[in-house]
$ cat entry_39.txt   # compact mmCIF, C-alpha atoms and all ligand atoms
# COMPACT_ATOMS: atom_id res chain seq x y z
CA MET A 106 111.50 113.02 85.66
CA LYS A 107 111.15 109.82 87.67
CA VAL A 108 108.44 109.62 90.35
CA ARG A 109 110.21 108.72 93.60
CA LYS A 110 108.19 110.22 96.42
CA ALA A 111 104.86 109.45 98.06
CA VAL A 112 102.79 111.44 100.52
CA ILE A 113 100.35 109.64 102.81
CA PRO A 114 97.95 111.99 104.61
CA ALA A 115 97.12 110.47 108.00
CA ALA A 116 96.01 113.46 110.01
CA GLY A 117 92.23 112.87 109.97
CA LEU A 118 90.44 112.69 113.31
CA GLY A 119 88.91 109.29 112.58
CA THR A 120 85.53 110.27 114.01
CA ARG A 121 83.79 107.40 112.17
CA PHE A 122 85.60 104.95 114.44
CA LEU A 123 85.10 106.63 117.82
CA PRO A 124 85.62 105.66 120.58
CA ALA A 125 88.41 103.41 119.19
CA THR A 126 90.19 106.44 117.70
CA LYS A 127 90.01 108.73 120.72
CA ALA A 128 93.65 108.08 121.66
CA MET A 129 94.72 105.89 118.76
CA ALA A 130 95.35 106.59 115.07
CA LYS A 131 92.65 105.13 112.82
CA GLU A 132 95.46 104.20 110.40
CA MET A 133 96.68 101.70 113.04
CA LEU A 134 93.39 99.77 113.12
CA PRO A 135 94.34 96.33 111.82
CA ILE A 136 92.83 94.31 108.99
CA VAL A 137 93.31 90.85 110.56
CA ASP A 138 96.86 91.54 111.86
CA LYS A 139 98.24 94.42 109.78
CA PRO A 140 97.55 98.14 110.35
CA THR A 141 95.79 99.67 107.34
CA ILE A 142 98.62 102.17 106.83
CA GLN A 143 101.10 99.33 106.36
CA PHE A 144 99.13 98.13 103.32
CA ILE A 145 99.52 101.62 101.84
CA VAL A 146 103.25 101.75 102.57
CA GLU A 147 103.65 98.30 100.99
CA GLU A 148 101.80 99.44 97.83
CA ALA A 149 104.19 102.40 97.58
CA LEU A 150 107.28 100.19 97.94
CA LYS A 151 105.95 97.61 95.44
CA SER A 152 105.44 100.47 92.98
CA GLY A 153 109.08 101.53 93.25
CA ILE A 154 108.59 104.58 95.49
CA GLU A 155 111.80 105.38 97.37
CA ASP A 156 110.80 108.01 99.93
CA ILE A 157 107.55 108.31 101.87
CA LEU A 158 106.22 111.22 103.90
CA ILE A 159 103.39 110.58 106.34
CA VAL A 160 101.42 113.69 107.31
CA THR A 161 100.24 113.12 110.86
CA GLY A 162 98.24 115.04 113.43
CA LYS A 163 97.20 114.62 117.04
CA ALA A 164 97.20 111.12 118.60
CA LYS A 165 99.27 109.65 115.78
CA ARG A 166 102.49 108.76 117.58
CA SER A 167 101.66 105.05 117.28
CA ILE A 168 102.24 105.33 113.50
CA GLU A 169 105.80 106.56 114.06
CA ASP A 170 106.41 103.85 116.66
CA HIS A 171 105.05 101.18 114.34
CA PHE A 172 107.67 101.93 111.70
CA ASP A 173 110.48 102.37 114.23
CA ALA A 174 112.82 99.63 115.45
CA ASN A 175 111.70 97.94 118.69
CA LEU A 176 114.86 96.44 120.14
CA GLU A 177 113.21 94.98 123.24
CA LEU A 178 110.64 93.12 121.17
CA GLU A 179 113.24 92.00 118.62
CA THR A 180 115.59 90.65 121.32
CA ASN A 181 112.70 88.83 122.94
CA LEU A 182 111.62 87.20 119.66
CA LYS A 183 115.25 86.29 118.86
CA GLU A 184 115.74 84.61 122.24
CA LYS A 185 112.56 82.61 121.80
CA HIS A 186 113.51 81.69 118.20
CA LYS A 187 110.27 83.13 116.86
CA ASP A 188 111.87 83.79 113.47
CA GLU A 189 108.69 84.28 111.47
CA LEU A 190 107.41 86.96 113.87
CA LEU A 191 110.84 88.57 113.99
CA LYS A 192 110.80 88.86 110.20
CA LEU A 193 107.38 90.54 110.31
CA VAL A 194 108.59 93.05 112.89
CA GLU A 195 111.82 93.81 111.03
CA GLU A 196 110.01 94.32 107.72
CA THR A 197 108.43 97.51 109.04
CA THR A 198 111.63 99.25 110.08
CA ASP A 199 113.86 99.39 107.03
CA ILE A 200 111.87 101.97 105.06
CA ASN A 201 112.71 105.57 104.13
CA LEU A 202 109.90 107.18 106.08
CA HIS A 203 109.53 110.81 107.07
CA PHE A 204 106.94 112.51 109.21
CA VAL A 205 105.47 115.99 109.33
CA ARG A 206 102.60 117.27 111.44
CA GLN A 207 99.54 119.06 110.13
CA LYS A 208 98.91 121.39 113.06
CA HIS A 209 95.35 122.35 112.15
CA PRO A 210 92.86 119.94 110.55
CA LEU A 211 91.92 122.24 107.64
CA GLY A 212 91.30 119.56 105.03
CA LEU A 213 93.01 117.14 102.64
CA GLY A 214 94.41 119.91 100.42
CA HIS A 215 96.00 121.55 103.45
CA ALA A 216 97.46 118.19 104.58
CA VAL A 217 99.08 117.70 101.16
CA LEU A 218 100.46 121.26 101.28
CA GLN A 219 102.50 120.22 104.36
CA ALA A 220 104.53 118.02 101.97
CA LYS A 221 105.80 120.97 99.90
CA ALA A 222 109.36 121.04 101.30
CA PHE A 223 109.67 117.23 101.19
CA VAL A 224 108.52 116.98 97.57
CA GLY A 225 110.42 119.93 96.12
CA ASN A 226 110.19 120.29 92.37
CA GLU A 227 109.33 116.69 91.45
CA PRO A 228 106.21 114.80 90.45
CA PHE A 229 104.90 112.72 93.38
CA VAL A 230 102.03 110.51 94.45
CA VAL A 231 99.42 111.01 97.15
CA MET A 232 97.99 107.86 98.67
CA LEU A 233 94.93 107.97 100.95
CA GLY A 234 94.68 105.44 103.74
CA ASP A 235 90.95 104.79 103.45
CA ASP A 236 91.28 102.82 100.23
CA LEU A 237 93.12 99.52 99.88
CA MET A 238 93.69 98.54 96.27
CA GLU A 239 94.36 95.18 94.67
CA ASP A 240 95.43 94.42 91.12
CA ASP A 241 98.21 92.51 89.35
CA VAL A 242 100.12 95.78 88.99
CA PRO A 243 99.72 98.08 92.05
CA LEU A 244 97.51 101.09 91.25
CA THR A 245 100.25 103.56 92.20
CA LYS A 246 102.57 101.84 89.71
CA GLN A 247 99.83 102.07 87.05
CA LEU A 248 99.71 105.85 87.55
CA MET A 249 103.52 106.02 87.36
CA LEU A 250 103.43 104.14 84.05
CA ASP A 251 100.84 106.62 82.70
CA TYR A 252 103.12 109.46 83.74
CA GLU A 253 105.98 108.05 81.65
CA ASN A 254 103.80 108.75 78.59
CA THR A 255 101.87 111.87 79.57
CA HIS A 256 104.25 113.74 81.94
CA ALA A 257 101.07 115.10 83.49
CA SER A 258 99.07 114.73 86.71
CA THR A 259 96.94 111.60 86.67
CA ILE A 260 94.20 110.82 89.18
CA ALA A 261 92.80 107.32 89.81
CA VAL A 262 89.02 107.03 89.41
CA MET A 263 86.49 104.23 89.53
CA GLU A 264 82.80 103.89 88.73
CA VAL A 265 80.56 104.19 91.77
CA PRO A 266 76.75 103.85 92.04
CA GLU A 267 75.02 107.14 91.18
CA GLU A 268 73.50 107.46 94.66
CA GLU A 269 77.02 107.50 96.15
CA THR A 270 78.58 110.25 94.01
CA HIS A 271 77.99 112.87 96.75
CA LYS A 272 80.61 111.13 98.93
CA TYR A 273 83.47 111.59 96.44
CA GLY A 274 85.38 113.91 94.16
CA ILE A 275 83.81 113.32 90.73
CA ILE A 276 85.30 113.94 87.30
CA ASN A 277 83.78 115.23 84.10
CA PRO A 278 85.77 112.76 81.97
CA GLY A 279 86.24 114.56 78.64
CA GLU A 280 88.05 112.76 75.83
CA GLU A 281 89.31 109.19 76.30
CA VAL A 282 92.85 109.57 74.92
CA ALA A 283 93.90 105.95 75.49
CA LYS A 284 92.01 102.98 76.90
CA GLY A 285 90.74 104.03 80.35
CA LEU A 286 92.70 107.30 80.31
CA TYR A 287 90.65 110.52 80.18
CA ASN A 288 91.77 114.07 79.53
CA VAL A 289 89.55 115.48 82.28
CA LYS A 290 87.32 118.52 81.65
CA ASN A 291 86.75 119.38 85.29
CA PHE A 292 86.61 118.04 88.84
CA VAL A 293 83.85 118.53 91.42
CA GLU A 294 84.26 117.71 95.12
CA LYS A 295 81.22 116.02 96.69
CA PRO A 296 78.56 117.15 94.17
CA LYS A 297 74.96 117.47 95.40
CA PRO A 298 72.67 114.55 94.45
CA GLY A 299 71.72 114.87 90.79
CA GLU A 300 74.55 117.30 90.00
CA ALA A 301 77.45 114.88 89.45
CA PRO A 302 78.97 115.20 85.95
CA SER A 303 79.55 111.39 85.82
CA ASN A 304 79.79 108.42 88.15
CA LEU A 305 83.60 108.27 87.96
CA ALA A 306 84.85 108.93 91.48
CA ILE A 307 88.33 109.81 92.74
CA ILE A 308 89.54 106.85 94.79
CA GLY A 309 92.53 107.91 96.83
CA ARG A 310 95.56 107.61 94.53
CA TYR A 311 96.90 110.72 92.83
CA LEU A 312 99.99 111.40 90.77
CA LEU A 313 100.60 115.14 90.87
CA THR A 314 103.03 117.61 89.37
CA PRO A 315 104.69 119.97 91.91
CA GLU A 316 102.75 122.97 90.50
CA ILE A 317 99.88 121.76 92.71
CA PHE A 318 101.59 123.41 95.71
CA SER A 319 101.32 126.99 94.47
CA VAL A 320 97.64 126.33 93.73
CA LEU A 321 97.10 124.84 97.21
CA GLU A 322 98.70 127.90 98.81
CA GLU A 323 95.96 130.07 97.31
CA GLN A 324 93.12 127.55 97.70
CA GLU A 325 90.00 128.82 99.50
CA PRO A 326 87.93 126.37 101.61
CA GLY A 327 85.37 124.40 99.60
CA ALA A 328 82.97 121.53 100.43
CA GLY A 329 82.55 121.10 104.21
CA GLY A 330 84.50 124.32 104.81
CA GLU A 331 87.76 122.44 104.14
CA ILE A 332 90.68 123.14 101.79
CA GLN A 333 89.99 120.47 99.21
CA LEU A 334 92.62 118.74 97.09
CA THR A 335 89.99 118.19 94.36
CA ASP A 336 89.40 121.95 94.03
CA ALA A 337 93.14 122.57 93.65
CA ILE A 338 93.39 119.84 91.00
CA ASP A 339 90.50 121.49 89.14
CA THR A 340 92.43 124.79 89.13
CA LEU A 341 95.66 123.04 88.06
CA ASN A 342 93.70 121.51 85.16
CA LYS A 343 93.18 125.04 83.78
CA THR A 344 96.90 125.61 83.27
CA GLN A 345 98.14 122.07 82.48
CA ARG A 346 96.52 118.83 81.36
CA VAL A 347 95.25 116.50 84.09
CA PHE A 348 94.27 112.91 83.28
CA ALA A 349 92.08 110.36 85.02
CA HIS A 350 92.94 106.67 85.07
CA ASP A 351 89.94 104.34 85.28
CA PHE A 352 90.99 101.63 87.77
CA LYS A 353 89.70 98.14 86.97
CA GLY A 354 91.06 96.26 89.99
CA THR A 355 89.44 95.79 93.39
CA ARG A 356 89.00 98.56 95.91
CA TYR A 357 88.39 97.96 99.60
CA ASP A 358 86.99 100.96 101.43
CA VAL A 359 88.22 100.84 105.02
CA GLY A 360 87.09 104.39 105.78
CA ASP A 361 83.82 103.45 107.47
CA LYS A 362 82.66 100.69 109.80
CA PHE A 363 80.83 98.49 107.30
CA GLY A 364 83.59 98.73 104.68
CA PHE A 365 86.17 97.99 107.36
CA MET A 366 84.29 94.87 108.50
CA LYS A 367 83.81 93.58 104.95
CA THR A 368 87.53 94.08 104.22
CA SER A 369 88.48 92.26 107.44
CA ILE A 370 86.35 89.28 106.41
CA GLU A 371 87.66 89.17 102.84
CA TYR A 372 91.30 89.48 103.94
CA GLY A 373 90.66 86.92 106.69
CA LEU A 374 89.46 84.50 104.01
CA LYS A 375 92.88 84.86 102.34
CA HIS A 376 94.97 84.71 105.53
CA PRO A 377 96.67 81.29 105.89
CA GLU A 378 96.32 81.26 109.67
CA VAL A 379 92.58 81.88 109.93
CA GLN A 380 91.06 81.23 106.49
CA GLU A 381 89.82 77.68 107.13
CA ASN A 382 88.19 78.40 110.49
CA LEU A 383 86.72 81.67 109.26
CA LYS A 384 85.18 80.04 106.19
CA GLU A 385 83.57 77.31 108.27
CA TYR A 386 82.28 79.91 110.74
CA ILE A 387 80.77 82.07 107.98
CA ILE A 388 78.99 79.10 106.42
CA GLN A 389 77.52 78.09 109.79
CA LEU A 390 76.56 81.66 110.61
CA GLY A 391 74.91 82.02 107.18
CA GLN A 392 72.84 78.92 107.77
CA LYS A 393 71.81 80.12 111.23
CA LEU A 394 70.83 83.56 109.94
CA ALA A 395 68.89 82.03 107.02
CA THR A 396 66.91 79.83 109.42
CA GLU A 397 66.17 82.81 111.69
CA GLN A 398 65.15 84.90 108.69
CA ALA A 399 62.81 82.16 107.44
CA SER A 400 61.08 81.79 110.81
CA THR A 401 60.64 85.58 111.19
CA SER A 402 59.06 85.74 107.72
CA LYS A 403 56.73 82.88 108.68
CA GLU A 404 55.69 84.65 111.91
CA GLU A 405 54.96 87.83 109.94
CA GLU A 406 52.86 85.85 107.46
CA ILE A 407 50.84 84.32 110.29
CA GLU A 408 50.32 87.76 111.86
CA LEU A 409 49.11 89.17 108.56
CA SER A 410 46.60 86.37 107.88
C1 LIG B 501 88.55 112.32 99.92
C2 LIG B 501 88.59 113.27 98.72
C3 LIG B 501 87.58 112.81 97.67
C4 LIG B 501 87.83 111.37 97.28
C5 LIG B 501 87.84 110.47 98.54
C6 LIG B 501 88.29 109.06 98.18
O1 LIG B 501 87.30 112.47 100.56
O2 LIG B 501 88.31 114.59 99.15
O3 LIG B 501 87.68 113.63 96.53
O4 LIG B 501 86.85 110.94 96.37
O5 LIG B 501 88.75 110.98 99.54
O6 LIG B 501 88.25 108.21 99.28
P1 LIG B 501 87.01 111.94 102.07
O7 LIG B 501 86.70 110.50 101.95
O8 LIG B 501 88.23 112.22 102.87
O9 LIG B 501 85.80 112.73 102.53
$ encode --input "entry_39.txt" --output "structure tokens" --more "lines below"
Ligand code: G1P
Amino acid sequence: MKVRKAVIPAAGLGTRFLPATKAMAKEMLPIVDKPTIQFIVEEALKSGIEDILIVTGKAKRSIEDHFDANLELETNLKEKHKDELLKLVEETTDINLHFVRQKHPLGLGHAVLQAKAFVGNEPFVVMLGDDLMEDDVPLTKQLMLDYENTHASTIAVMEVPEEETHKYGIINPGEEVAKGLYNVKNFVEKPKPGEAPSNLAIIGRYLLTPEIFSVLEEQEPGAGGEIQLTDAIDTLNKTQRVFAHDFKGTRYDVGDKFGFMKTSIEYGLKHPEVQENLKEYIIQLGQKLATEQASTSKEEEIELS
């Protein structure tokens, strides 16, 4: 069966970005000039997804507004002949988007369970907003291509440094059945330091069979007291094969402040409007910081002698 539907969980409280996210959805924080969630929606569309469900929570109305038509703004841009801007605004409105609310923040697994009626009895993808992916073929499309061969759930993973495994769902890879495709033995959500079965981490793109929903309905809370998607996938893996796809492209983590800032700089360096100025600024700033660093080291040397 063809994969046509995507679910984007966007109900998290965004506490890592407080106070910015007190009244605003973290998914609306822009990288240069585009909300992070729009990058995710664009990846879905480029992959051939036809219908998208966004699972929202409190303070998320701005996401719905962002993908809605804004006639006042459009008329204004038309009158002023700002055609380029008008195009950008119109691009966000002609998409098959649906919304459902997760009423209680009980975890990622619980957020995905809210998509049960929307998904029905079809394979579907889950796309997390904290990871922006870049590759020649979009990662979601790569998973869909795997599915054409395996007809099984396939989860995107990527190598992470060993000291970071506790932040992720980690796989015990099992047999490599094709290049970069593992028939996974088991999945562990946020393993304690030293207990991770590998350094292959789940990175926010999942292709799942609909059987995941009956597992999620029975799923007990796991790490952090939350209903974890990883735990449900581990249970699913006991009744049907689940594969992991080792992603070789670039991943930008916009889920915390430092990752968000790095992504903003890297995307800025590719943005036609600001790239030149930004590059010049970074070079100058680098020189200034290097000079400061050198003089601090000198002062410390003098103090020591
Ligand atoms: C979630 C998942 C985790 C995955 C991660 C990827 O964790 O539970 O398995 O590795 O996303 O970003 P979170 O970052 O929401 O704590």
$ residues_near_ligand --input "entry_39.txt" --ligand "ligand LIG 501 (chain B)" --cutoff "6 Å" --atoms "all atoms listed in the file" --output "number ranges by chain"
A: 273-274, 294, 306-309, 335
$ residues_near_point --input "entry_39.txt" --point "(106.6, 124.3, 101.7)" --cutoff "12 Å" --atoms "all atoms listed in the file" --output "PyMOL selection string"
chain A and resi 205+215-226+315-319+321-322
$ closest_residue --input "entry_39.txt" --among "A:Gln392, A:Leu118, A:Leu233, A:Lys165" --to "Leu334 (chain A)" --atoms "all atoms listed in the file"
A:Leu233
$ closest_atom_pairs --input "entry_39.txt" --of "region 212-251 of chain A" --to "region 328-333 of chain A" --cutoff "7 Å" --atoms "all atoms listed in the file" --output "CSV"
residue,atom,partner,partner_atom,distance
A:Gly212,CA,A:Glu331,CA,4.6
A:Leu213,CA,A:Gln333,CA,5.7
A:Gly214,CA,A:Gln333,CA,4.6
A:His215,CA,A:Ile332,CA,5.8
$ atom_distance --input "entry_39.txt" --atom1 "CA of Glu371 (chain A)" --atom2 "CA of Gln398 (chain A)"
23.6 Å
$ atom_distance --input "entry_39.txt" --atom1 "CA of Asn277 (chain A)" --atom2 "CA of Gly234 (chain A)"
24.5 Å
$ residues_near_point --input "entry_39.txt" --point "(94.9, 113.3, 87.0)" --cutoff "10 Å" --atoms "all atoms listed in the file" --output "JSON, numbers by chain"
{"A": [248, 251, 252, 257, 258, 259, 260, 261, 262, 276, 286, 287, 288, 289, 292, 307, 310, 311, 312, 313, 314, 338, 339, 341, 342, 346, 347, 348, 349, 350]}
$ write_last_selection --input "entry_39.txt" --atoms "C-alpha atoms" --output "compact mmCIF listing (two decimals), in the frame of the given file"
# COMPACT_ATOMS: atom_id res chain seq x y z
CA LEU A 248 99.71 105.85 87.55
CA ASP A 251 100.84 106.62 82.70
CA TYR A 252 103.12 109.46 83.74
CA ALA A 257 101.07 115.10 83.49
CA SER A 258 99.07 114.73 86.71
CA THR A 259 96.94 111.60 86.67
CA ILE A 260 94.20 110.82 89.18
CA ALA A 261 92.80 107.32 89.81
CA VAL A 262 89.02 107.03 89.41
CA ILE A 276 85.30 113.94 87.30
CA LEU A 286 92.70 107.30 80.31
CA TYR A 287 90.65 110.52 80.18
CA ASN A 288 91.77 114.07 79.53
CA VAL A 289 89.55 115.48 82.28
CA PHE A 292 86.61 118.04 88.84
CA ILE A 307 88.33 109.81 92.74
CA ARG A 310 95.56 107.61 94.53
CA TYR A 311 96.90 110.72 92.83
CA LEU A 312 99.99 111.40 90.77
CA LEU A 313 100.60 115.14 90.87
CA THR A 314 103.03 117.61 89.37
CA ILE A 338 93.39 119.84 91.00
CA ASP A 339 90.50 121.49 89.14
CA LEU A 341 95.66 123.04 88.06
CA ASN A 342 93.70 121.51 85.16
CA ARG A 346 96.52 118.83 81.36
CA VAL A 347 95.25 116.50 84.09
CA PHE A 348 94.27 112.91 83.28
CA ALA A 349 92.08 110.36 85.02
CA HIS A 350 92.94 106.67 85.07
$ atom_distance --input "entry_39.txt" --atom1 "CA of Val112 (chain A)" --atom2 "CA of Phe229 (chain A)"
7.6 Å
$ closest_residue --input "entry_39.txt" --among "A:Pro296, A:Gly391, A:Gly153, A:Pro124" --to "Lys107 (chain A)" --atoms "all atoms listed in the file"
A:Gly153
$ closest_residue --input "entry_39.txt" --among "A:Leu244, A:Ala111, A:Ile388, A:Ala128" --to "Lys163 (chain A)" --atoms "only C-alpha atoms"
A:Ala128
$ residues_around --input "entry_39.txt" --residues "Gly354 (chain A)" --least-positions-apart "4" --cutoff "10 Å" --atoms "all atoms listed in the file" --output "number ranges by chain"
A: 238-244, 263
